>>> print(open('query-v3.txt').read())   # compact mmCIF, C-alpha atoms
# COMPACT_ATOMS: atom_id res chain seq x y z
CA MET C 1062 -68.16 102.45 -27.23
CA GLY C 1063 -69.40 104.83 -24.55
CA THR C 1064 -69.62 102.07 -21.93
CA PRO C 1065 -68.03 102.92 -18.54
CA ALA C 1066 -64.83 101.01 -17.87
CA ALA C 1067 -65.27 98.10 -15.48
CA PRO C 1068 -63.19 98.11 -12.29
CA ASP C 1069 -60.08 95.97 -12.12
CA ARG C 1070 -61.71 93.10 -10.27
CA SER C 1071 -58.43 91.24 -9.71
CA ARG C 1072 -57.59 93.80 -7.06
CA LEU C 1073 -61.02 93.89 -5.40
CA HIS C 1074 -61.48 91.86 -2.21
CA ILE C 1075 -64.96 90.82 -1.11
CA LEU C 1076 -65.85 89.18 2.19
CA VAL C 1077 -68.94 86.97 2.46
CA VAL C 1078 -70.40 86.83 5.99
CA GLU C 1079 -72.93 84.00 5.94
CA ASP C 1080 -73.58 81.12 8.36
CA ASP C 1081 -75.46 78.97 5.84
CA ASP C 1082 -72.91 76.59 4.29
CA THR C 1083 -74.72 76.22 0.97
CA ILE C 1084 -75.20 79.97 0.42
CA GLY C 1085 -71.75 80.88 1.71
CA ARG C 1086 -69.94 78.34 -0.48
CA HIS C 1087 -72.02 79.33 -3.52
CA LEU C 1088 -71.24 83.04 -3.07
CA GLU C 1089 -67.53 82.57 -2.40
CA THR C 1090 -67.14 80.31 -5.42
CA GLY C 1091 -69.25 82.52 -7.67
CA LEU C 1092 -67.22 85.60 -6.79
CA ARG C 1093 -63.93 83.80 -7.44
CA VAL C 1094 -65.14 82.45 -10.79
CA ASN C 1095 -66.05 86.01 -11.78
CA GLY C 1096 -62.60 87.33 -10.98
CA TYR C 1097 -62.95 88.71 -7.45
CA ALA C 1098 -60.67 87.85 -4.53
CA SER C 1099 -63.20 86.44 -2.04
CA ALA C 1100 -63.22 85.03 1.47
CA TRP C 1101 -65.99 83.56 3.64
CA SER C 1102 -66.70 84.05 7.34
CA ARG C 1103 -69.43 82.08 9.12
CA THR C 1104 -69.67 84.32 12.22
CA GLY C 1105 -69.59 88.01 13.04
CA ALA C 1106 -66.52 87.62 15.25
CA SER C 1107 -64.51 85.93 12.50
CA ALA C 1108 -65.66 88.61 10.04
CA LEU C 1109 -64.32 91.37 12.30
CA ALA C 1110 -61.02 89.52 12.64
CA GLU C 1111 -60.86 89.04 8.87
CA THR C 1112 -61.45 92.73 8.13
CA ASP C 1113 -58.67 93.61 10.56
CA ARG C 1114 -56.27 91.39 8.60
CA THR C 1115 -57.28 92.29 5.04
CA ALA C 1116 -58.41 95.54 3.40
CA TYR C 1117 -61.75 94.58 1.85
CA ASP C 1118 -63.57 96.59 -0.78
CA ALA C 1119 -66.98 95.07 -0.03
CA VAL C 1120 -68.76 92.90 2.53
CA LEU C 1121 -71.82 90.77 1.76
CA LEU C 1122 -73.51 90.54 5.15
CA ASP C 1123 -76.19 88.09 6.28
CA LEU C 1124 -78.25 89.49 9.16
CA GLY C 1125 -79.00 86.14 10.82
CA LEU C 1126 -75.60 85.31 12.29
CA PRO C 1127 -75.14 82.86 15.19
CA ASP C 1128 -73.08 85.14 17.44
CA LEU C 1129 -73.68 88.81 16.56
CA ASP C 1130 -76.68 90.81 15.40
CA GLY C 1131 -76.15 91.62 11.74
CA LEU C 1132 -77.24 95.24 12.18
CA ASP C 1133 -74.76 95.74 15.02
CA LEU C 1134 -72.03 94.26 12.85
CA ALA C 1135 -72.96 96.62 10.01
CA ARG C 1136 -72.68 99.61 12.36
CA THR C 1137 -69.29 98.42 13.61
CA LEU C 1138 -67.95 97.90 10.09
CA ARG C 1139 -69.25 101.28 8.97
CA ALA C 1140 -67.62 103.02 11.93
CA ARG C 1141 -64.28 101.29 11.32
CA PHE C 1142 -64.28 101.53 7.51
CA PRO C 1143 -66.28 104.55 6.26
CA ASP C 1144 -65.66 103.76 2.57
CA LEU C 1145 -66.41 100.02 2.77
CA LEU C 1146 -69.23 98.81 0.51
CA ILE C 1147 -71.74 96.88 2.66
CA VAL C 1148 -74.50 94.84 1.01
CA ILE C 1149 -76.97 93.17 3.36
CA LEU C 1150 -78.34 89.73 2.48
CA THR C 1151 -81.66 89.17 4.21
CA ALA C 1152 -84.92 87.27 4.18
CA ARG C 1153 -86.63 90.24 5.87
CA THR C 1154 -88.81 92.21 3.45
CA ASP C 1155 -90.73 94.67 5.67
CA ASP C 1156 -90.01 98.36 5.07
CA ILE C 1157 -88.93 98.86 8.67
CA ASP C 1158 -86.31 96.10 8.33
CA VAL C 1159 -84.97 97.53 5.07
CA ILE C 1160 -84.72 101.03 6.54
CA ALA C 1161 -83.03 99.68 9.68
CA GLY C 1162 -80.40 97.95 7.54
CA LEU C 1163 -79.67 101.04 5.45
CA ASP C 1164 -79.63 103.27 8.52
CA ALA C 1165 -77.15 100.90 10.17
CA GLY C 1166 -74.70 101.77 7.41
CA ALA C 1167 -75.46 99.40 4.56
CA ASP C 1168 -75.25 100.69 0.99
CA ASP C 1169 -77.67 98.16 -0.46
CA TYR C 1170 -79.59 95.00 0.37
CA LEU C 1171 -80.71 91.85 -1.39
CA VAL C 1172 -83.72 89.79 -0.35
CA LYS C 1173 -83.21 86.02 -0.26
CA PRO C 1174 -83.51 84.08 -2.46
CA PHE C 1175 -81.60 86.09 -5.05
CA SER C 1176 -79.64 85.23 -8.19
CA LEU C 1177 -75.87 85.48 -8.43
CA THR C 1178 -76.34 87.41 -11.69
CA VAL C 1179 -78.25 90.21 -9.94
CA LEU C 1180 -75.75 90.30 -7.07
CA LEU C 1181 -72.83 90.63 -9.51
CA ALA C 1182 -74.64 93.40 -11.39
CA ARG C 1183 -75.15 95.37 -8.18
CA LEU C 1184 -71.53 94.89 -7.16
CA ARG C 1185 -70.35 96.16 -10.54
CA ALA C 1186 -72.57 99.21 -10.23
CA HIS C 1187 -71.40 100.10 -6.72
CA LEU C 1188 -67.72 99.38 -7.32
CA ARG C 1189 -67.74 101.30 -10.60
CA ARG C 1190 -68.92 104.36 -8.70
CA GLN C 1191 -66.28 103.86 -6.01
CA THR C 1192 -63.36 103.34 -8.39
CA GLY C 1193 -64.34 105.97 -10.94
CA THR C 1194 -62.23 109.09 -11.28
CA SER C 1195 -63.42 112.65 -11.63
CA GLN C 1196 -61.83 115.91 -12.60
CA PRO C 1197 -60.85 118.23 -9.72
CA GLN C 1198 -63.54 120.84 -9.11
CA PRO C 1199 -63.63 124.10 -7.15
CA SER C 1200 -64.71 124.07 -3.54
CA LEU C 1201 -68.32 125.05 -2.98
CA ARG C 1202 -69.29 127.55 -0.29
CA LEU C 1203 -72.88 127.62 0.94
CA GLY C 1204 -73.25 130.07 3.77
CA ASP C 1205 -70.78 128.90 6.40
CA LEU C 1206 -70.54 125.41 4.89
CA VAL C 1207 -67.61 124.58 2.58
CA ILE C 1208 -67.63 121.46 0.40
CA ASP C 1209 -64.25 120.57 -1.09
CA THR C 1210 -64.93 118.00 -3.80
CA THR C 1211 -61.23 117.40 -4.45
CA SER C 1212 -60.32 116.34 -0.91
CA ARG C 1213 -63.92 115.20 -0.18
CA ARG C 1214 -64.06 117.27 2.99
CA CYS C 1215 -67.06 119.17 4.31
CA THR C 1216 -66.41 121.86 6.93
CA LEU C 1217 -68.52 124.23 9.00
CA HIS C 1218 -66.54 127.20 10.37
CA ASP C 1219 -63.37 125.18 9.61
CA THR C 1220 -64.63 122.20 11.65
CA GLU C 1221 -64.90 119.05 9.57
CA ILE C 1222 -68.25 117.24 9.41
CA SER C 1223 -67.93 113.47 9.10
CA LEU C 1224 -70.18 112.39 6.22
CA ARG C 1225 -70.64 108.95 4.76
CA PRO C 1226 -69.54 108.65 1.10
CA LYS C 1227 -73.05 108.74 -0.37
CA GLU C 1228 -74.09 111.59 1.97
CA PHE C 1229 -71.16 113.65 0.70
CA ASP C 1230 -72.00 112.83 -2.93
CA LEU C 1231 -75.63 113.86 -2.44
CA LEU C 1232 -74.67 117.16 -0.80
CA ALA C 1233 -72.09 117.93 -3.49
CA LEU C 1234 -74.56 117.24 -6.31
CA LEU C 1235 -77.23 119.48 -4.76
CA ALA C 1236 -74.62 122.15 -3.99
CA ARG C 1237 -73.64 122.30 -7.66
CA ASN C 1238 -77.28 123.04 -8.48
CA PRO C 1239 -78.49 125.50 -5.78
CA GLY C 1240 -82.10 126.56 -6.16
CA ILE C 1241 -82.74 123.89 -8.80
CA ALA C 1242 -85.14 120.97 -8.36
CA VAL C 1243 -83.20 117.72 -8.77
CA SER C 1244 -85.28 114.63 -9.48
CA ARG C 1245 -84.99 111.36 -7.60
CA GLU C 1246 -84.02 109.65 -10.86
CA THR C 1247 -81.14 112.08 -11.40
CA LEU C 1248 -79.90 111.66 -7.82
CA MET C 1249 -80.03 107.87 -8.05
CA ALA C 1250 -78.28 107.82 -11.43
CA GLN C 1251 -75.46 110.20 -10.48
CA VAL C 1252 -74.88 109.29 -6.84
CA TRP C 1253 -75.53 105.57 -7.11
CA ASP C 1254 -75.60 104.33 -10.71
CA GLU C 1255 -77.60 104.73 -13.91
CA ASN C 1256 -78.29 100.97 -13.78
CA TRP C 1257 -79.37 100.96 -10.11
CA PHE C 1258 -81.39 97.87 -9.18
CA GLY C 1259 -82.29 98.78 -5.60
CA PRO C 1260 -85.18 100.77 -4.12
CA THR C 1261 -85.13 104.57 -4.12
CA LYS C 1262 -85.85 104.27 -0.39
CA THR C 1263 -82.07 104.16 -0.12
CA LEU C 1264 -82.04 107.79 -1.22
CA ASP C 1265 -84.48 108.85 1.52
CA VAL C 1266 -82.50 107.14 4.27
CA THR C 1267 -79.23 108.66 3.04
CA MET C 1268 -80.80 112.11 2.80
CA ALA C 1269 -82.15 111.80 6.34
CA GLY C 1270 -78.66 110.94 7.56
CA LEU C 1271 -77.18 113.93 5.73
CA ARG C 1272 -79.71 116.32 7.25
CA ARG C 1273 -79.13 114.88 10.71
CA ARG C 1274 -75.35 115.33 10.50
CA LEU C 1275 -75.63 118.91 9.24
CA THR C 1276 -78.07 119.79 12.01
CA GLN C 1277 -75.88 118.19 14.67
CA ALA C 1278 -72.82 120.07 13.42
CA ALA C 1279 -74.69 123.38 13.64
CA GLU C 1280 -75.95 122.62 17.14
CA GLU C 1281 -72.45 121.74 18.34
CA SER C 1282 -70.84 124.84 16.81
CA ALA C 1283 -69.89 127.65 19.20
CA ARG C 1284 -70.77 130.22 16.52
CA PRO C 1285 -74.02 131.03 14.70
CA CYS C 1286 -74.21 129.06 11.46
CA ARG C 1287 -75.72 129.72 8.05
CA LEU C 1288 -76.48 126.30 6.62
CA PRO C 1289 -78.17 125.28 3.36
CA HIS C 1290 -81.72 123.98 3.70
CA ILE C 1291 -82.72 120.91 1.68
CA THR C 1292 -86.38 120.97 0.66
CA THR C 1293 -88.24 117.76 -0.13
CA LEU C 1294 -90.28 118.00 -3.33
CA ARG C 1295 -92.94 115.33 -2.98
CA GLY C 1296 -93.26 113.16 -6.04
CA HIS C 1297 -90.16 114.68 -7.64
CA GLY C 1298 -86.96 114.95 -5.59
CA TYR C 1299 -85.06 117.60 -3.61
CA ARG C 1300 -83.93 121.22 -3.88
CA LEU C 1301 -81.13 122.97 -2.01
CA GLU C 1302 -82.23 126.50 -1.11
CA ARG C 1303 -79.88 129.44 -1.62
CA CYS C 1304 -81.18 131.16 1.55
CA GLY C 1305 -79.93 134.57 0.43
CA TRP C 1306 -76.16 134.13 0.82
CA SER C 1307 -73.56 135.09 -1.74
CA ASP C 1308 -72.17 132.13 -3.63
CA GLU C 1309 -68.41 131.77 -3.50
CA ALA C 1310 -66.23 129.14 -5.15
CA GLY C 1311 -62.52 128.72 -5.55
CA THR C 1312 -59.86 126.09 -5.72
CA LYS C 1313 -57.85 125.34 -2.60
CA SER C 1314 -54.10 125.36 -2.59
>>> encode(input="query-v3.txt", output="structure tokens")
Amino acid sequence: MGTPAAPDRSRLHILVVEDDDTIGRHLETGLRVNGYASAWSRTGASALAETDRTAYDAVLLDLGLPDLDGLDLARTLRARFPDLLIVILTARTDDIDVIAGLDAGADDYLVKPFSLTVLLARLRAHLRRQTGTSQPQPSLRLGDLVIDTTSRRCTLHDTEISLRPKEFDLLALLARNPGIAVSRETLMAQVWDENWFGPTKTLDVTMAGLRRRLTQAAEESARPCRLPHITTLRGHGYRLERCGWSDEAGTKS
């Protein structure tokens, strides 16, 4: 009682992109045994062809592919499928490699060797967030920025800003709490999952991407823009500043 409902895994398709036969076969079999519809590609080119044929919910991506750079493939997949869950599988453990993977569009990463149990737990956490439903909420206006949580659109002077799913979720959560310090733990629990296994570095990379997209949208606008400012609270989390505007909210027809 009180446990979140698990996603209907029979309808979830997961693609394994791995050139190592032992790992690839183990992952594909393990996913099938646990109720997922899985497929396995040994190269980046075949993975791209496979995602064109089938609508996948998640991709497990090895970085060391024989034909394409794994980071380039992650960027391509993210550009083509903004809502696709991408989990990088890597033997690289340096911070710069982890950040590069997340900045390329990955949602998470696992360092080899890893257990199938941990991988399945992370998939459940991510997919539960993606398939969960929420009640419609009013649009949020912050200066000249409007965040419509029902349609998941963010606009600046009626021009839509393209945000990644987690960037939108972060902005919406902060926008619901203007002027309030929100801890890293709260952000990770509500935007990712309360049982998150990954590093909170994921939060920093996602926040950097959000700030960059907001700044770019303001610079490209032909009109002066009042945008919310996100303050980093070292050792705690983040705060979205009110910046003196009048708060407005209302449902859209």
>>> atom_distance(input="query-v3.txt", atom1="CA of Cys1215 (chain C)", atom2="CA of Gly1296 (chain C)")
28.8 Å
>>> closest_residue(input="query-v3.txt", among="C:Val1077, C:Leu1217, C:Gly1105, C:Leu1126", to="Gln1277 (chain C)", atoms="all atoms listed in the file")
C:Leu1217
>>> residues_around(input="query-v3.txt", residues="Thr1267 (chain C)", least_positions_apart="3", cutoff="9 Å", atoms="all atoms listed in the file", output="PDB file with C-alpha atoms, in the frame of the given file")
ATOM      1  CA  LEU C1163     -79.670 101.040   5.450  1.00  0.00           C
ATOM      2  CA  ASP C1164     -79.630 103.270   8.520  1.00  0.00           C
ATOM      3  CA  ARG C1225     -70.640 108.950   4.760  1.00  0.00           C
ATOM      4  CA  LYS C1227     -73.050 108.740  -0.370  1.00  0.00           C
ATOM      5  CA  GLU C1228     -74.090 111.590   1.970  1.00  0.00           C
ATOM      6  CA  LEU C1231     -75.630 113.860  -2.440  1.00  0.00           C
ATOM      7  CA  LYS C1262     -85.850 104.270  -0.390  1.00  0.00           C
ATOM      8  CA  THR C1263     -82.070 104.160  -0.120  1.00  0.00           C
ATOM      9  CA  LEU C1264     -82.040 107.790  -1.220  1.00  0.00           C
ATOM     10  CA  GLY C1270     -78.660 110.940   7.560  1.00  0.00           C
ATOM     11  CA  LEU C1271     -77.180 113.930   5.730  1.00  0.00           C
ATOM     12  CA  ARG C1272     -79.710 116.320   7.250  1.00  0.00           C
TER      13      ARG C1272
END
>>> closest_residue(input="query-v3.txt", among="C:Glu1281, C:Ala1269, C:Ala1242, C:Leu1248", to="Arg1295 (chain C)", atoms="all atoms listed in the file")
C:Ala1242
>>> atom_distance(input="query-v3.txt", atom1="CA of Leu1288 (chain C)", atom2="CA of Phe1229 (chain C)")
14.9 Å
>>> residues_around(input="query-v3.txt", residues="Leu1134 (chain C)", least_positions_apart="4", cutoff="10 Å", atoms="only C-alpha atoms", output="NGL selection string")
:C and (1105-1106 or 1108-1109 or 1122-1124 or 1126 or 1129-1130 or 1138-1140 or 1165-1166)
>>> atom_distance(input="query-v3.txt", atom1="CA of Arg1093 (chain C)", atom2="CA of Val1120 (chain C)")
14.3 Å
>>> decode(input="query-v3.txt", residues="region 1111-1125 of chain C", atoms="all heavy atoms", output="short mmCIF file (atom, residue, chain, number, x, y, z; two decimals), in the first residue's frame")
data_model
loop_
_atom_site.label_atom_id
_atom_site.label_comp_id
_atom_site.auth_asym_id
_atom_site.auth_seq_id
_atom_site.Cartn_x
_atom_site.Cartn_y
_atom_site.Cartn_z
N GLU C 1111 17.48 0.62 -36.43
CA GLU C 1111 16.49 -0.03 -35.56
C GLU C 1111 15.53 0.99 -34.93
O GLU C 1111 14.32 0.75 -34.84
CB GLU C 1111 17.22 -0.82 -34.47
CG GLU C 1111 16.31 -1.61 -33.55
CD GLU C 1111 15.54 -2.72 -34.26
OE1 GLU C 1111 16.06 -3.25 -35.26
OE2 GLU C 1111 14.42 -3.02 -33.82
N THR C 1112 16.06 2.13 -34.50
CA THR C 1112 15.19 3.15 -33.90
C THR C 1112 14.30 3.82 -34.93
O THR C 1112 13.27 4.40 -34.58
CB THR C 1112 16.03 4.23 -33.17
OG1 THR C 1112 17.00 4.79 -34.07
CG2 THR C 1112 16.73 3.63 -31.96
N ASP C 1113 14.69 3.76 -36.19
CA ASP C 1113 13.81 4.27 -37.25
C ASP C 1113 12.64 3.32 -37.51
O ASP C 1113 11.56 3.75 -37.92
CB ASP C 1113 14.60 4.47 -38.55
CG ASP C 1113 15.49 5.71 -38.51
OD1 ASP C 1113 15.18 6.61 -37.70
OD2 ASP C 1113 16.47 5.76 -39.27
N ARG C 1114 12.87 2.03 -37.25
CA ARG C 1114 11.83 1.03 -37.50
C ARG C 1114 10.87 0.88 -36.33
O ARG C 1114 9.68 0.63 -36.52
CB ARG C 1114 12.46 -0.34 -37.79
CG ARG C 1114 13.12 -0.47 -39.14
CD ARG C 1114 13.44 -1.92 -39.44
NE ARG C 1114 14.40 -2.46 -38.48
CZ ARG C 1114 15.72 -2.47 -38.70
NH1 ARG C 1114 16.21 -1.97 -39.82
NH2 ARG C 1114 16.53 -2.98 -37.80
N THR C 1115 11.38 1.00 -35.12
CA THR C 1115 10.60 0.71 -33.92
C THR C 1115 10.65 1.90 -32.96
O THR C 1115 11.70 2.52 -32.80
CB THR C 1115 11.14 -0.55 -33.21
OG1 THR C 1115 11.14 -1.64 -34.12
CG2 THR C 1115 10.30 -0.90 -31.99
N ALA C 1116 9.53 2.19 -32.32
CA ALA C 1116 9.47 3.27 -31.32
C ALA C 1116 9.94 2.71 -29.97
O ALA C 1116 9.20 2.00 -29.28
CB ALA C 1116 8.05 3.81 -31.21
N TYR C 1117 11.18 3.02 -29.61
CA TYR C 1117 11.75 2.51 -28.37
C TYR C 1117 11.50 3.48 -27.22
O TYR C 1117 11.48 4.70 -27.41
CB TYR C 1117 13.25 2.25 -28.53
CG TYR C 1117 13.53 0.97 -29.28
CD1 TYR C 1117 13.73 0.99 -30.66
CD2 TYR C 1117 13.55 -0.24 -28.62
CE1 TYR C 1117 13.96 -0.19 -31.36
CE2 TYR C 1117 13.79 -1.43 -29.31
CZ TYR C 1117 13.98 -1.39 -30.67
OH TYR C 1117 14.20 -2.56 -31.36
N ASP C 1118 11.33 2.90 -26.02
CA ASP C 1118 11.17 3.72 -24.82
C ASP C 1118 12.52 4.03 -24.19
O ASP C 1118 12.67 5.05 -23.51
CB ASP C 1118 10.28 2.97 -23.81
CG ASP C 1118 8.90 2.70 -24.35
OD1 ASP C 1118 8.08 3.64 -24.35
OD2 ASP C 1118 8.65 1.57 -24.78
N ALA C 1119 13.50 3.15 -24.39
CA ALA C 1119 14.81 3.34 -23.78
C ALA C 1119 15.89 2.69 -24.64
O ALA C 1119 15.64 1.71 -25.35
CB ALA C 1119 14.84 2.73 -22.37
N VAL C 1120 17.09 3.27 -24.55
CA VAL C 1120 18.27 2.72 -25.22
C VAL C 1120 19.38 2.58 -24.19
O VAL C 1120 19.68 3.53 -23.46
CB VAL C 1120 18.74 3.62 -26.38
CG1 VAL C 1120 20.10 3.15 -26.90
CG2 VAL C 1120 17.74 3.61 -27.52
N LEU C 1121 19.97 1.39 -24.12
CA LEU C 1121 21.14 1.15 -23.28
C LEU C 1121 22.35 1.21 -24.20
O LEU C 1121 22.52 0.34 -25.06
CB LEU C 1121 21.04 -0.21 -22.59
CG LEU C 1121 19.76 -0.48 -21.79
CD1 LEU C 1121 19.81 -1.86 -21.13
CD2 LEU C 1121 19.56 0.61 -20.74
N LEU C 1122 23.18 2.23 -24.04
CA LEU C 1122 24.18 2.57 -25.05
C LEU C 1122 25.61 2.42 -24.55
O LEU C 1122 26.04 3.13 -23.64
CB LEU C 1122 23.95 4.03 -25.51
CG LEU C 1122 24.97 4.64 -26.46
CD1 LEU C 1122 25.03 3.84 -27.75
CD2 LEU C 1122 24.60 6.09 -26.73
N ASP C 1123 26.33 1.49 -25.16
CA ASP C 1123 27.77 1.35 -24.91
C ASP C 1123 28.51 2.44 -25.68
O ASP C 1123 28.17 2.74 -26.83
CB ASP C 1123 28.23 -0.04 -25.37
CG ASP C 1123 29.73 -0.23 -25.24
OD1 ASP C 1123 30.31 0.31 -24.28
OD2 ASP C 1123 30.33 -0.89 -26.11
N LEU C 1124 29.51 3.05 -25.07
CA LEU C 1124 30.24 4.13 -25.74
C LEU C 1124 31.29 3.60 -26.72
O LEU C 1124 31.63 4.28 -27.69
CB LEU C 1124 30.90 5.03 -24.71
CG LEU C 1124 29.97 5.89 -23.84
CD1 LEU C 1124 30.79 6.76 -22.91
CD2 LEU C 1124 29.04 6.73 -24.70
N GLY C 1125 31.82 2.41 -26.47
CA GLY C 1125 32.90 1.88 -27.30
C GLY C 1125 32.40 1.05 -28.45
O GLY C 1125 32.59 -0.17 -28.48
#
